[in-house]
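Undergrad: work.csv is reproduced in full below (CSV, C-alpha atoms).
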chain,number,residue,atom,x,y,z
A,220,MET,CA,63.1,-51.5,-41.3
A,221,ASN,CA,65.9,-50.3,-43.8
A,222,GLU,CA,66.4,-46.8,-45.1
A,223,LYS,CA,64.6,-47.6,-48.4
A,224,GLN,CA,61.5,-48.8,-46.6
A,225,ARG,CA,61.4,-45.6,-44.4
A,226,ILE,CA,61.6,-43.4,-47.6
A,227,LEU,CA,58.8,-45.4,-49.2
A,228,ASN,CA,56.7,-45.1,-46.1
A,229,LEU,CA,57.3,-41.3,-46.0
A,230,LEU,CA,56.1,-41.2,-49.6
A,231,LYS,CA,53.1,-43.4,-48.8
A,232,GLU,CA,52.1,-41.1,-45.9
A,233,GLY,CA,52.4,-38.1,-48.2
A,234,ARG,CA,55.1,-36.5,-46.2
A,235,ILE,CA,57.5,-36.3,-49.3
A,236,THR,CA,56.9,-36.1,-53.0
A,237,SER,CA,58.0,-38.7,-55.6
A,238,GLU,CA,60.9,-36.5,-56.7
A,239,GLU,CA,62.1,-36.2,-53.2
A,240,ALA,CA,61.9,-40.0,-52.7
A,241,VAL,CA,64.0,-40.6,-55.8
A,242,MET,CA,66.6,-38.2,-54.7
A,243,LEU,CA,66.8,-39.8,-51.2
A,244,LEU,CA,67.0,-43.3,-52.6
A,245,GLU,CA,69.8,-42.3,-55.1
A,246,ALA,CA,71.6,-40.7,-52.2
A,247,ILE,CA,71.8,-43.9,-50.1
A,248,GLU,CA,72.4,-46.2,-53.0
A,249,GLU,CA,75.9,-47.8,-53.2
A,250,PRO,CA,78.2,-47.6,-55.0
A,251,ALA,CA,78.0,-43.8,-55.0
A,252,SER,CA,78.9,-43.8,-58.7
A,253,ALA,CA,75.8,-45.7,-59.7
A,254,PRO,CA,73.8,-44.0,-62.4
A,255,ARG,CA,70.8,-42.1,-61.5
A,256,GLY,CA,67.3,-43.1,-62.5
A,257,ASN,CA,67.5,-46.8,-61.5
A,258,PRO,CA,64.4,-48.3,-63.1
A,259,SER,CA,63.7,-50.5,-60.0
A,260,TRP,CA,63.5,-47.5,-57.8
A,261,SER,CA,61.2,-45.8,-60.3
A,262,GLY,CA,58.9,-48.8,-60.5
A,263,GLU,CA,58.7,-49.0,-56.7
A,264,ILE,CA,58.1,-45.3,-56.4
A,265,SER,CA,55.4,-45.4,-59.1
A,266,ARG,CA,53.7,-48.3,-57.3
A,267,VAL,CA,53.7,-46.4,-54.0
A,268,ALA,CA,52.5,-43.2,-55.6
A,269,ARG,CA,49.6,-45.1,-57.2
A,270,GLU,CA,48.6,-46.6,-53.8
A,271,VAL,CA,48.7,-43.1,-52.3
A,272,GLN,CA,46.6,-41.8,-55.2
A,273,ARG,CA,44.0,-44.6,-54.8
A,274,GLU,CA,43.8,-43.9,-51.0
A,275,VAL,CA,43.4,-40.2,-51.6
A,276,SER,CA,40.6,-40.9,-54.1
A,277,ARG,CA,38.8,-43.2,-51.7
A,278,GLU,CA,39.0,-40.6,-48.9
A,279,ALA,CA,37.8,-37.9,-51.3
A,280,ALA,CA,34.9,-40.1,-52.4
A,281,GLU,CA,33.9,-40.7,-48.8
A,282,ILE,CA,34.1,-37.0,-48.0
A,283,ALA,CA,31.9,-36.2,-51.1
A,284,ARG,CA,29.4,-38.8,-50.0
A,285,GLU,CA,29.2,-37.4,-46.5
A,286,ALA,CA,28.8,-33.9,-47.9
A,287,ARG,CA,25.9,-34.9,-50.2
A,288,GLU,CA,24.1,-36.6,-47.2
A,289,ALA,CA,24.6,-33.4,-45.1
A,290,ALA,CA,23.3,-31.3,-47.9
A,291,ARG,CA,20.2,-33.5,-48.2
A,292,ASP,CA,19.6,-33.3,-44.4
A,293,ALA,CA,20.0,-29.5,-44.4
A,294,SER,CA,17.5,-29.2,-47.3
A,295,LYS,CA,14.9,-31.3,-45.5
A,296,GLU,CA,15.4,-29.3,-42.3
A,297,ALA,CA,15.0,-26.0,-44.2
A,298,ALA,CA,11.9,-27.3,-45.9
A,299,ARG,CA,10.3,-28.3,-42.6
A,300,ALA,CA,11.2,-25.0,-41.0
A,301,GLY,CA,9.6,-23.2,-43.9
A,302,ARG,CA,6.4,-25.2,-43.5
A,303,GLU,CA,6.3,-24.4,-39.8
A,304,GLY,CA,6.9,-20.7,-40.5
A,305,VAL,CA,4.1,-20.7,-43.0
A,306,ASN,CA,1.8,-22.4,-40.4
A,307,LEU,CA,2.9,-19.9,-37.7
A,308,GLU,CA,2.2,-16.9,-40.0
A,309,ARG,CA,-1.2,-18.4,-40.9
A,310,GLU,CA,-2.1,-18.8,-37.1
A,311,ILE,CA,-1.0,-15.3,-36.3
A,312,SER,CA,-3.0,-13.9,-39.2
A,313,ARG,CA,-6.1,-15.9,-38.1
A,314,ALA,CA,-5.7,-14.7,-34.5
A,315,LEU,CA,-5.4,-11.0,-35.7
A,316,ARG,CA,-8.5,-11.3,-37.8
A,317,ALA,CA,-10.5,-13.0,-35.1
A,318,PRO,CA,-12.6,-10.5,-33.0
A,319,THR,CA,-11.5,-10.0,-29.4
A,320,PRO,CA,-14.2,-11.1,-27.0
A,321,PRO,CA,-15.4,-8.3,-24.7
A,322,THR,CA,-14.0,-8.2,-21.3
A,323,PRO,CA,-16.8,-8.7,-18.7
A,324,PRO,CA,-17.1,-5.9,-16.3
A,325,THR,CA,-15.4,-6.4,-12.9
A,326,PRO,CA,-18.0,-6.8,-10.2
A,327,PRO,CA,-17.7,-4.2,-7.4
A,328,THR,CA,-15.7,-5.3,-4.5
A,329,PRO,CA,-17.9,-5.7,-1.4
A,330,PRO,CA,-16.8,-3.4,1.5
A,331,THR,CA,-14.6,-5.1,4.0
A,332,PRO,CA,-16.4,-5.4,7.3
A,333,LEU,CA,-15.0,-3.5,10.2
A,334,THR,CA,-12.9,-5.7,12.5
A,335,PRO,CA,-14.1,-5.5,16.1
A,336,LEU,CA,-11.6,-3.9,18.5
A,337,THR,CA,-9.2,-6.5,19.8
A,338,PRO,CA,-9.6,-6.8,23.6
A,339,LEU,CA,-6.7,-5.9,25.8
A,340,SER,CA,-4.3,-8.8,26.4
A,341,THR,CA,-4.7,-8.2,30.1
A,342,PRO,CA,-8.3,-7.1,31.0
A,343,MET,CA,-8.5,-4.6,33.8
A,344,ALA,CA,-10.7,-4.9,36.8
A,345,PRO,CA,-14.1,-3.1,36.6
A,346,ASN,CA,-13.8,0.5,37.7
A,347,PRO,CA,-16.3,3.1,38.7
A,348,PRO,CA,-17.3,5.4,35.8
A,349,VAL,CA,-14.7,7.7,34.5
A,350,VAL,CA,-15.2,11.3,35.4
A,351,VAL,CA,-16.9,13.0,32.4
A,352,VAL,CA,-18.5,16.3,31.9
A,353,TYR,CA,-21.9,15.0,30.8
A,354,GLY,CA,-23.6,11.7,31.5
A,355,ASP,CA,-22.0,8.4,30.7
A,356,GLU,CA,-21.4,6.2,27.6
A,357,SER,CA,-24.8,4.6,27.7
A,358,GLY,CA,-26.4,7.5,25.8
A,359,ARG,CA,-26.7,11.2,25.2
A,360,PRO,CA,-26.1,13.5,28.1
A,361,GLU,CA,-29.2,15.1,29.5
A,362,GLY,CA,-30.1,18.8,29.1
A,363,LEU,CA,-28.7,19.2,25.5
A,364,ARG,CA,-30.2,19.8,22.2
A,365,TRP,CA,-28.7,18.0,19.2
A,366,VAL,CA,-27.6,18.4,15.6
A,367,GLU,CA,-27.3,15.0,14.0
A,368,VAL,CA,-25.0,14.7,11.0
A,369,ASN,CA,-24.8,11.7,8.8
A,370,LEU,CA,-22.5,12.1,5.7
A,371,THR,CA,-21.3,9.6,3.2
A,372,SER,CA,-18.4,11.8,2.2
A,373,GLY,CA,-17.0,15.2,2.9
A,374,ASN,CA,-15.4,17.1,5.8
A,375,LEU,CA,-17.4,18.4,8.8
A,376,GLU,CA,-16.5,21.5,10.7
A,377,VAL,CA,-18.3,22.4,14.0
A,378,ARG,CA,-17.7,25.3,16.3
A,379,SER,CA,-19.5,27.2,19.0
A,380,ASP,CA,-20.7,30.8,19.4
A,381,PRO,CA,-22.3,31.6,22.7
A,382,ASP,CA,-24.0,34.7,21.2
A,383,LEU,CA,-26.3,32.6,19.0
A,384,THR,CA,-29.7,31.3,20.0
A,385,ARG,CA,-30.1,28.8,17.2
A,386,PRO,CA,-27.6,26.7,15.2
A,387,VAL,CA,-26.3,28.2,11.9
A,388,ILE,CA,-25.6,25.8,9.1
A,389,GLY,CA,-23.5,26.9,6.2
A,390,GLY,CA,-20.8,25.7,3.8
A,391,ASP,CA,-21.5,23.2,1.0
A,392,VAL,CA,-25.0,22.0,1.8
A,393,GLU,CA,-26.7,22.1,-1.5
A,394,SER,CA,-26.6,18.3,-1.8
A,395,LEU,CA,-27.7,17.6,1.8
A,396,ASN,CA,-31.0,17.0,3.4
A,397,ILE,CA,-31.7,19.3,6.4
A,398,GLN,CA,-34.7,18.9,8.6
A,399,GLU,CA,-35.8,19.8,12.1
A,400,ASP,CA,-37.4,17.2,14.3
A,401,GLY,CA,-38.4,18.7,17.7
A,402,ASP,CA,-35.2,19.6,19.6
A,403,THR,CA,-33.1,17.9,16.9
A,404,ILE,CA,-31.8,19.1,13.6
A,405,LYS,CA,-30.9,16.4,11.2
A,406,ILE,CA,-28.4,16.8,8.3
A,407,SER,CA,-27.8,13.9,6.0
A,408,SER,CA,-26.5,13.1,2.5
A,409,GLN,CA,-29.1,12.6,-0.2
A,410,GLN,CA,-29.8,9.1,-1.3
A,411,GLY,CA,-27.4,8.0,-4.0
A,412,HIS,CA,-28.4,7.1,-7.5
A,413,ARG,CA,-27.1,4.5,-9.9
A,414,ARG,CA,-25.4,5.2,-13.2
A,415,LYS,CA,-25.3,2.5,-15.9
A,416,GLY,CA,-23.7,2.6,-19.3
A,417,SER,CA,-21.5,0.9,-21.9
A,418,THR,CA,-19.1,1.8,-24.6
A,419,LYS,CA,-16.8,0.1,-27.1
A,420,PHE,CA,-13.0,0.6,-26.9
A,421,LEU,CA,-10.4,-1.1,-29.0
A,422,GLY,CA,-13.0,-3.7,-30.1
A,423,MET,CA,-14.0,-4.4,-26.5
A,424,ASN,CA,-17.4,-3.8,-24.9
A,425,ILE,CA,-17.1,-2.0,-21.6
A,426,SER,CA,-20.1,-1.7,-19.3
A,427,TRP,CA,-20.5,0.0,-15.9
A,428,ASP,CA,-23.0,0.1,-13.1
A,429,LEU,CA,-22.1,2.6,-10.4
A,430,GLU,CA,-23.8,4.0,-7.4
A,431,GLU,CA,-23.1,7.7,-6.7
A,432,ALA,CA,-23.9,9.3,-3.4
A,433,PRO,CA,-23.5,13.0,-3.3
A,434,GLY,CA,-21.4,14.4,-0.5
A,435,GLY,CA,-21.2,17.8,1.2
A,436,GLU,CA,-19.1,19.8,3.6
A,437,PRO,CA,-21.3,21.6,6.1
A,438,GLU,CA,-20.0,24.2,8.5
A,439,ILE,CA,-22.1,24.3,11.7
A,440,VAL,CA,-22.0,26.9,14.4
A,441,LEU,CA,-23.7,25.9,17.7
A,442,PRO,CA,-25.0,28.0,20.5
A,443,ALA,CA,-24.6,27.1,24.2
A,444,GLY,CA,-26.7,24.0,25.2
A,445,TRP,CA,-26.2,22.1,21.9
A,446,GLY,CA,-24.2,19.0,21.1
A,447,VAL,CA,-23.4,17.3,17.8
A,448,GLU,CA,-23.7,13.6,16.9
A,449,VAL,CA,-21.7,12.5,13.9
A,450,ARG,CA,-21.8,9.5,11.5
A,451,LEU,CA,-19.1,10.2,9.0
A,452,GLN,CA,-18.2,7.6,6.4
A,453,SER,CA,-15.3,9.3,4.7
A,454,GLY,CA,-13.9,12.7,5.7
A,455,ASP,CA,-12.3,14.7,8.5
A,456,LEU,CA,-14.0,16.0,11.6
A,457,SER,CA,-13.0,19.2,13.2
A,458,ALA,CA,-14.8,20.5,16.4
A,459,GLN,CA,-13.9,23.5,18.4
A,460,GLY,CA,-15.4,24.8,21.6
A,461,VAL,CA,-18.4,22.5,21.4
A,462,GLU,CA,-20.0,21.2,24.6
A,463,TYR,CA,-20.4,17.6,23.5
A,464,VAL,CA,-19.3,15.5,20.5
A,465,ARG,CA,-20.2,11.9,20.0
A,466,GLY,CA,-20.5,9.3,17.2
A,467,GLU,CA,-18.1,7.7,14.8
A,468,VAL,CA,-15.7,8.4,11.9
A,469,LYS,CA,-15.0,5.4,9.7
A,470,SER,CA,-12.3,6.9,7.6
A,471,GLY,CA,-10.7,10.3,8.4
A,472,ASP,CA,-8.9,12.3,11.0
A,473,VAL,CA,-10.4,13.9,14.0
A,474,HIS,CA,-9.4,17.2,15.6
A,475,LEU,CA,-11.0,18.3,18.8
A,476,GLU,CA,-10.1,21.6,20.6
A,477,GLY,CA,-11.7,23.1,23.7
A,478,VAL,CA,-14.5,20.5,23.6
A,479,GLY,CA,-16.3,19.8,26.9
A,480,SER,CA,-16.6,16.1,26.4
A,481,ALA,CA,-16.2,13.6,23.5
A,482,SER,CA,-17.3,10.0,23.0
A,483,LEU,CA,-16.0,8.8,19.6
A,484,SER,CA,-15.1,5.7,17.7
A,485,VAL,CA,-12.4,6.3,15.0
A,486,TYR,CA,-11.9,3.3,12.7
A,487,SER,CA,-9.2,4.6,10.5
A,488,GLY,CA,-7.5,7.9,11.2
A,489,ASP,CA,-5.6,9.9,13.7
A,490,LEU,CA,-7.2,11.6,16.7
A,491,ASN,CA,-5.9,14.9,18.0
A,492,ALA,CA,-7.4,16.2,21.3
A,493,GLU,CA,-6.5,19.5,22.8
A,494,ASP,CA,-7.9,21.1,26.0
A,495,LEU,CA,-10.6,18.5,26.5
A,496,GLY,CA,-12.8,18.0,29.6
A,497,SER,CA,-12.9,14.2,28.9
A,498,LEU,CA,-12.3,11.8,26.1
A,499,ARG,CA,-14.0,8.4,25.8
A,500,GLY,CA,-14.1,5.9,23.0
A,501,ALA,CA,-11.8,3.8,20.8
A,502,VAL,CA,-9.4,4.2,17.9
A,503,TYR,CA,-9.0,1.1,15.8
A,504,SER,CA,-6.1,2.2,13.6
A,505,GLY,CA,-4.4,5.5,14.0
A,506,ASP,CA,-2.2,7.6,16.3
A,507,VAL,CA,-3.6,9.7,19.2
A,508,HIS,CA,-2.2,13.0,20.5
A,509,LEU,CA,-3.4,14.4,23.7
A,510,GLY,CA,-2.9,17.9,25.0
A,511,GLY,CA,-4.3,18.9,28.4
A,512,VAL,CA,-7.0,16.2,28.5
A,513,ARG,CA,-8.6,16.1,32.0
A,514,GLY,CA,-10.4,12.8,31.8
A,515,ILE,CA,-9.8,9.7,29.7
A,516,ASP,CA,-11.3,6.3,29.0
A,517,LEU,CA,-9.8,5.2,25.7
A,518,GLU,CA,-8.8,2.0,23.9
A,519,VAL,CA,-6.4,2.0,21.0
A,520,ALA,CA,-6.1,-1.2,18.9
A,521,SER,CA,-3.1,-0.1,16.7
A,522,GLY,CA,-1.3,3.2,17.0
A,523,ASP,CA,0.9,5.3,19.2
A,524,VAL,CA,-0.4,7.5,22.0
A,525,SER,CA,1.4,10.6,23.1
A,526,GLY,CA,0.8,13.9,24.9
A,527,ASP,CA,-0.2,15.5,28.2
A,528,LEU,CA,-2.8,14.4,30.7
A,529,LEU,CA,-4.0,16.6,33.6
A,530,LEU,CA,-5.7,14.3,36.0
A,531,THR,CA,-6.7,15.5,39.5
A,532,GLU,CA,-9.9,13.5,40.3
A,533,GLY,CA,-11.9,10.5,39.3
A,534,GLN,CA,-10.7,7.2,37.8
A,535,HIS,CA,-9.3,7.0,34.2
A,536,ARG,CA,-8.2,4.3,31.9
A,537,LEU,CA,-5.9,3.9,28.8
A,538,GLY,CA,-5.4,0.6,27.0
A,539,VAL,CA,-3.2,0.1,23.9
A,540,VAL,CA,-3.1,-3.3,22.2
A,541,ARG,CA,-0.2,-2.5,19.8
A,542,GLY,CA,1.8,0.7,19.9
A,543,ASP,CA,4.0,2.9,22.0
A,544,VAL,CA,2.7,5.2,24.8
A,545,SER,CA,4.4,8.4,25.9
A,546,LEU,CA,2.6,10.5,28.6
A,547,ASN,CA,3.4,13.6,30.5
A,548,LEU,CA,1.6,13.8,33.8
A,549,GLY,CA,3.0,17.1,34.9
A,550,GLY,CA,0.6,19.0,37.1
A,551,SER,CA,-1.5,15.9,37.8
A,552,SER,CA,-2.4,14.4,41.2
A,553,VAL,CA,-2.7,10.8,40.3
A,554,GLN,CA,-1.9,7.3,41.3
A,555,VAL,CA,-0.8,5.3,38.3
A,556,GLU,CA,-1.2,1.5,38.0
A,557,GLY,CA,0.3,0.1,34.8
A,558,ARG,CA,1.2,-3.1,33.0
A,559,VAL,CA,3.6,-3.6,30.0
A,560,ASN,CA,3.3,-7.0,28.5
A,561,ARG,CA,5.9,-6.9,25.7
A,562,GLY,CA,8.0,-3.7,25.8
A,563,GLU,CA,10.1,-1.5,27.9
A,564,LEU,CA,9.1,0.9,30.7
A,565,HIS,CA,10.8,4.3,30.9
A,566,LEU,CA,10.1,6.6,33.9
A,567,GLY,CA,11.1,10.2,34.2
A,568,LEU,CA,9.4,11.0,37.5
A,569,PRO,CA,10.6,13.6,40.1
A,570,GLU,CA,12.8,12.4,42.9
A,571,GLY,CA,10.9,11.1,45.9
A,572,THR,CA,8.0,9.8,43.7
A,573,GLU,CA,6.5,6.7,45.3
A,574,PHE,CA,7.2,3.8,42.9
A,575,SER,CA,7.1,0.0,43.0
A,576,ARG,CA,7.6,-2.6,40.3
A,577,GLN,CA,7.0,-6.3,40.1
A,578,LYS,CA,7.8,-8.1,36.8
A,579,ARG,CA,5.5,-6.5,34.2
A,580,THR,CA,3.4,-4.4,36.5
A,581,PHE,CA,4.2,-1.2,38.4
A,582,SER,CA,2.6,1.6,40.4
A,583,ALA,CA,3.6,5.2,41.0
A,584,THR,CA,2.1,8.2,42.7
A,585,VAL,CA,2.4,11.6,41.2
A,586,GLY,CA,1.5,14.6,43.4
A,587,GLY,CA,-1.1,13.9,46.0
A,588,GLY,CA,-2.5,10.8,44.1
A,589,THR,CA,-6.1,12.0,44.3
A,590,ALA,CA,-7.0,10.5,40.9
A,591,LEU,CA,-6.4,7.0,39.5
A,592,LEU,CA,-5.0,6.1,36.1
A,593,LYS,CA,-4.8,2.5,34.9
A,594,VAL,CA,-2.5,2.0,31.9
A,595,SER,CA,-2.1,-1.2,29.9
A,596,VAL,CA,0.2,-1.7,26.9
A,597,GLY,CA,0.1,-5.0,25.1
A,598,GLY,CA,2.9,-4.7,22.6
A,599,GLY,CA,5.0,-1.5,22.8
A,600,ASP,CA,7.0,0.7,25.1
A,601,LEU,CA,5.6,2.9,27.9
A,602,THR,CA,7.2,6.2,28.9
A,603,LEU,CA,5.9,8.3,31.8
A,604,ASP,CA,7.1,11.8,32.7
A,605,ALA,CA,5.9,14.3,35.3
A,606,GLU,CA,7.7,17.5,34.4
If you convert what's in this file into structure tokens, what do you get?

TA:
Amino acid sequence: MNEKQRILNLLKEGRITSEEAVMLLEAIEEPASAPRGNPSWSGEISRVAREVQREVSREAAEIAREAREAARDASKEAARAGREGVNLEREISRALRAPTPPTPPTPPTPPTPLTPLTPLSTPMAPNPPVVVVYGDESGRPEGLRWVEVNLTSGNLEVRSDPDLTRPVIGGDVESLNIQEDGDTIKISSQQGHRRKGSTKFLGMNISWDLEEAPGGEPEIVLPAGWGVEVRLQSGDLSAQGVEYVRGEVKSGDVHLEGVGSASLSVYSGDLNAEDLGSLRGAVYSGDVHLGGVRGIDLEVASGDVSGDLLLTEGQHRLGVVRGDVSLNLGGSSVQVEGRVNRGELHLGLPEGTEFSRQKRTFSATVGGGTALLKVSVGGGDLTLDAE
């Protein structure tokens, strides 16, 4: 390719103008004295310029055609979006004008049945009855008169006064039934009544059907020779200095102090026992604290047990399915037979204490060993001290 052809190609590619092409061609033309403005060059340059112009025109026409097609597509898309927007507004408007159907009332949730106490993972061999102050677990002790309390809700407080000859019932008792039946005084919540109604709120019909049971919080003072039997659905029980307490608390804490003997089932709540002659029963879910308890036959399904036992005679038992146990046997005269299935055993017994251990079982003698305590822990640690 010669120099002239290169210059014409540059002009065709649009990299130089027609004037610049003429100047370049004149510069390379020989002889150097040739007159400028050679008509052959001008004709060639004009021809190339016309080709460039035609190519540019074709490209411009193609670009314009593509632009028109893109504009038509955009117009169609906008029209479709507009129709969809109108339809959406129409649906929203229709939904807002439509009445909201009333929400049906939620049926009351049936009460969850109480789960039976899980048996100990390692059953203990049958023992003679635990030493208790009155009778055994088969029924009421003999020789006592009774106050029976059956409450759906509310706290119950019971204490003793040896100077009284008959029980005194005070506190919030206006909504309670109180009647005397021979040697027994019965206190119970009045029968509940149903409340029905309906109302409209924010365009919705709301109905209700409720059963209300009035509660009460009696305070009972007992003379000597009287015990109390409790059926408490929801509320705390506090008993102080009473000779005998028996019954059940389904939801609430129990505090016993200076009670002669107690036989209780606590389904959900903590049990605190101080200075008790004996404690028998079960705690399904809750912690137990013992202080100076002199007799025990207790099962705990789920919860920790801690405190002091003062055992000097009889046979006693403590079983915990799931929870830690920490007992102080200081002042006791007791032989301990224990088992820890899944947990650790920690002993803080005085030097010289007779002790033996084999795998998960152990035995130890505190003091003279005149009483017997069998301890079983299913899942948890066991700590024994004798300070």

Undergrad: Skip range 378-387 of chain A itself and residues of its chain fewer than 3 positions away, then list as a PyMOL selection string all residues within 6 Å of it, counting only C-alpha atoms.

TA: chain A and resi 439-443+458-461

Undergrad: To one decimal in Å, tell me the separation between CA of His508 in chain A and CA of Lys578 in chain A.

TA: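 Value for the CA of His508 in chain A-CA of Lys578 in chain A distance: 28.5 Å.
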
Undergrad: With all atoms listed in the file as the counted atoms, please give the residues lying no more than 6 Å from range 361-376 of chain A, apart from itself and same-chain residues fewer than 6 positions off, as a list in words.

TA: Asp402, Thr403, Ile404, Lys405, Ile406, Ser407, Ser408, Gly434, Gly435, Glu436, Pro437, Glu438, Gly444, Trp445, Gly446, Val447, Glu448, Val449, Arg450, Leu451, Gln452, Ser453, Gly454, Asp455, Leu456 and Ser457 of chain A

Undergrad: Pick from A:Leu530, A:Val468, A:Val559, A:Ile247: nearest to Val502 in chain A, with only C-alpha atoms counted?

TA: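 Result for the nearest residue to Val502 in chain A: A:Val468.
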
Undergrad: Mind pulling up the distance from CA of Asn547 in chain A to CA of Val377 in chain A?

TA: 28.6 Å

Undergrad: With only C-alpha atoms as the basis for distance, which of A:Arg541, A:Arg234, A:Arg558, A:Lys415 is at the shortest distance from Gly522 in chain A?

TA: A:Arg541

Undergrad: Distance CA of Ser484 in chain A-CA of Arg499 in chain A, one decimal place?

TA: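 Between these atoms lies a distance of 8.6 Å.
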
Undergrad: Could you make a table, as a tab-separated table, of the residues of range 523-546 of chain A that have an atom within 10 Å of an atom of range 560-566 of chain A, each with its nearest atom pair and distance in Å to one decimal, counting all atoms listed in the file, in chain and number order?

TA:
residue	atom	partner	partner_atom	distance
A:Val540	CA	A:Asn560	CA	9.7
A:Arg541	CA	A:Arg561	CA	9.6
A:Gly542	CA	A:Gly562	CA	9.6
A:Asp543	CA	A:Gly562	CA	8.6
A:Val544	CA	A:Leu564	CA	9.7
A:Ser545	CA	A:His565	CA	9.1
A:Leu546	CA	A:Leu566	CA	10.0

Undergrad: Could you check the closest approach to Glu556 in chain A for each of A:Asp523, A:Ile397, A:Val594, A:Thr572 and tell me which residue wins, using only C-alpha atoms?

TA: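 Looking at the shortest contact to Glu556 in chain A, the residue is A:Val594.
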
Undergrad: As a PyMOL selection string, please: the residues near range 589-591 of chain A (cut-off 7 Å, only C-alpha atoms, same-chain neighbours under 6 positions excluded).

TA: chain A and resi 530-535+552-555

Undergrad: Produce range 578-583 of chain A of the given structure as output with all heavy atoms, as a compact mmCIF listing (two decimals), in the first residue's frame.

TA:
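Below is the file that was written, decode-v2.txt:
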# COMPACT_ATOMS: atom_id res chain seq x y z
N LYS A 578 -18.45 -48.40 92.88
CA LYS A 578 -19.03 -47.84 91.66
C LYS A 578 -19.95 -46.67 92.01
O LYS A 578 -19.51 -45.65 92.50
CB LYS A 578 -19.75 -48.91 90.86
CG LYS A 578 -18.81 -49.97 90.29
CD LYS A 578 -19.56 -50.97 89.42
CE LYS A 578 -18.60 -51.98 88.81
NZ LYS A 578 -19.28 -52.99 87.97
N ARG A 579 -21.26 -46.83 91.82
CA ARG A 579 -22.19 -45.72 92.01
C ARG A 579 -22.86 -45.73 93.39
O ARG A 579 -23.68 -44.87 93.67
CB ARG A 579 -23.25 -45.73 90.92
CG ARG A 579 -22.68 -45.60 89.52
CD ARG A 579 -23.77 -45.53 88.47
NE ARG A 579 -23.23 -45.43 87.14
CZ ARG A 579 -22.78 -44.31 86.57
NH1 ARG A 579 -22.83 -43.17 87.25
NH2 ARG A 579 -22.29 -44.30 85.34
N THR A 580 -22.57 -46.67 94.20
CA THR A 580 -23.18 -46.75 95.53
C THR A 580 -22.14 -46.50 96.61
O THR A 580 -20.93 -46.65 96.38
CB THR A 580 -23.83 -48.13 95.75
OG1 THR A 580 -22.80 -49.14 95.70
CG2 THR A 580 -24.88 -48.40 94.67
N PHE A 581 -22.62 -46.11 97.78
CA PHE A 581 -21.71 -45.87 98.90
C PHE A 581 -22.48 -46.05 100.20
O PHE A 581 -23.73 -46.08 100.23
CB PHE A 581 -21.14 -44.45 98.84
CG PHE A 581 -22.13 -43.39 99.18
CD1 PHE A 581 -22.23 -42.88 100.48
CD2 PHE A 581 -23.00 -42.88 98.22
CE1 PHE A 581 -23.15 -41.90 100.80
CE2 PHE A 581 -23.92 -41.90 98.53
CZ PHE A 581 -23.99 -41.41 99.82
N SER A 582 -21.76 -46.14 101.28
CA SER A 582 -22.35 -46.17 102.62
C SER A 582 -21.41 -45.45 103.58
O SER A 582 -20.20 -45.45 103.40
CB SER A 582 -22.60 -47.61 103.10
OG SER A 582 -21.37 -48.30 103.23
N ALA A 583 -22.02 -44.80 104.56
CA ALA A 583 -21.24 -44.07 105.56
C ALA A 583 -22.02 -44.06 106.86
O ALA A 583 -23.26 -44.11 106.86
CB ALA A 583 -20.96 -42.65 105.08
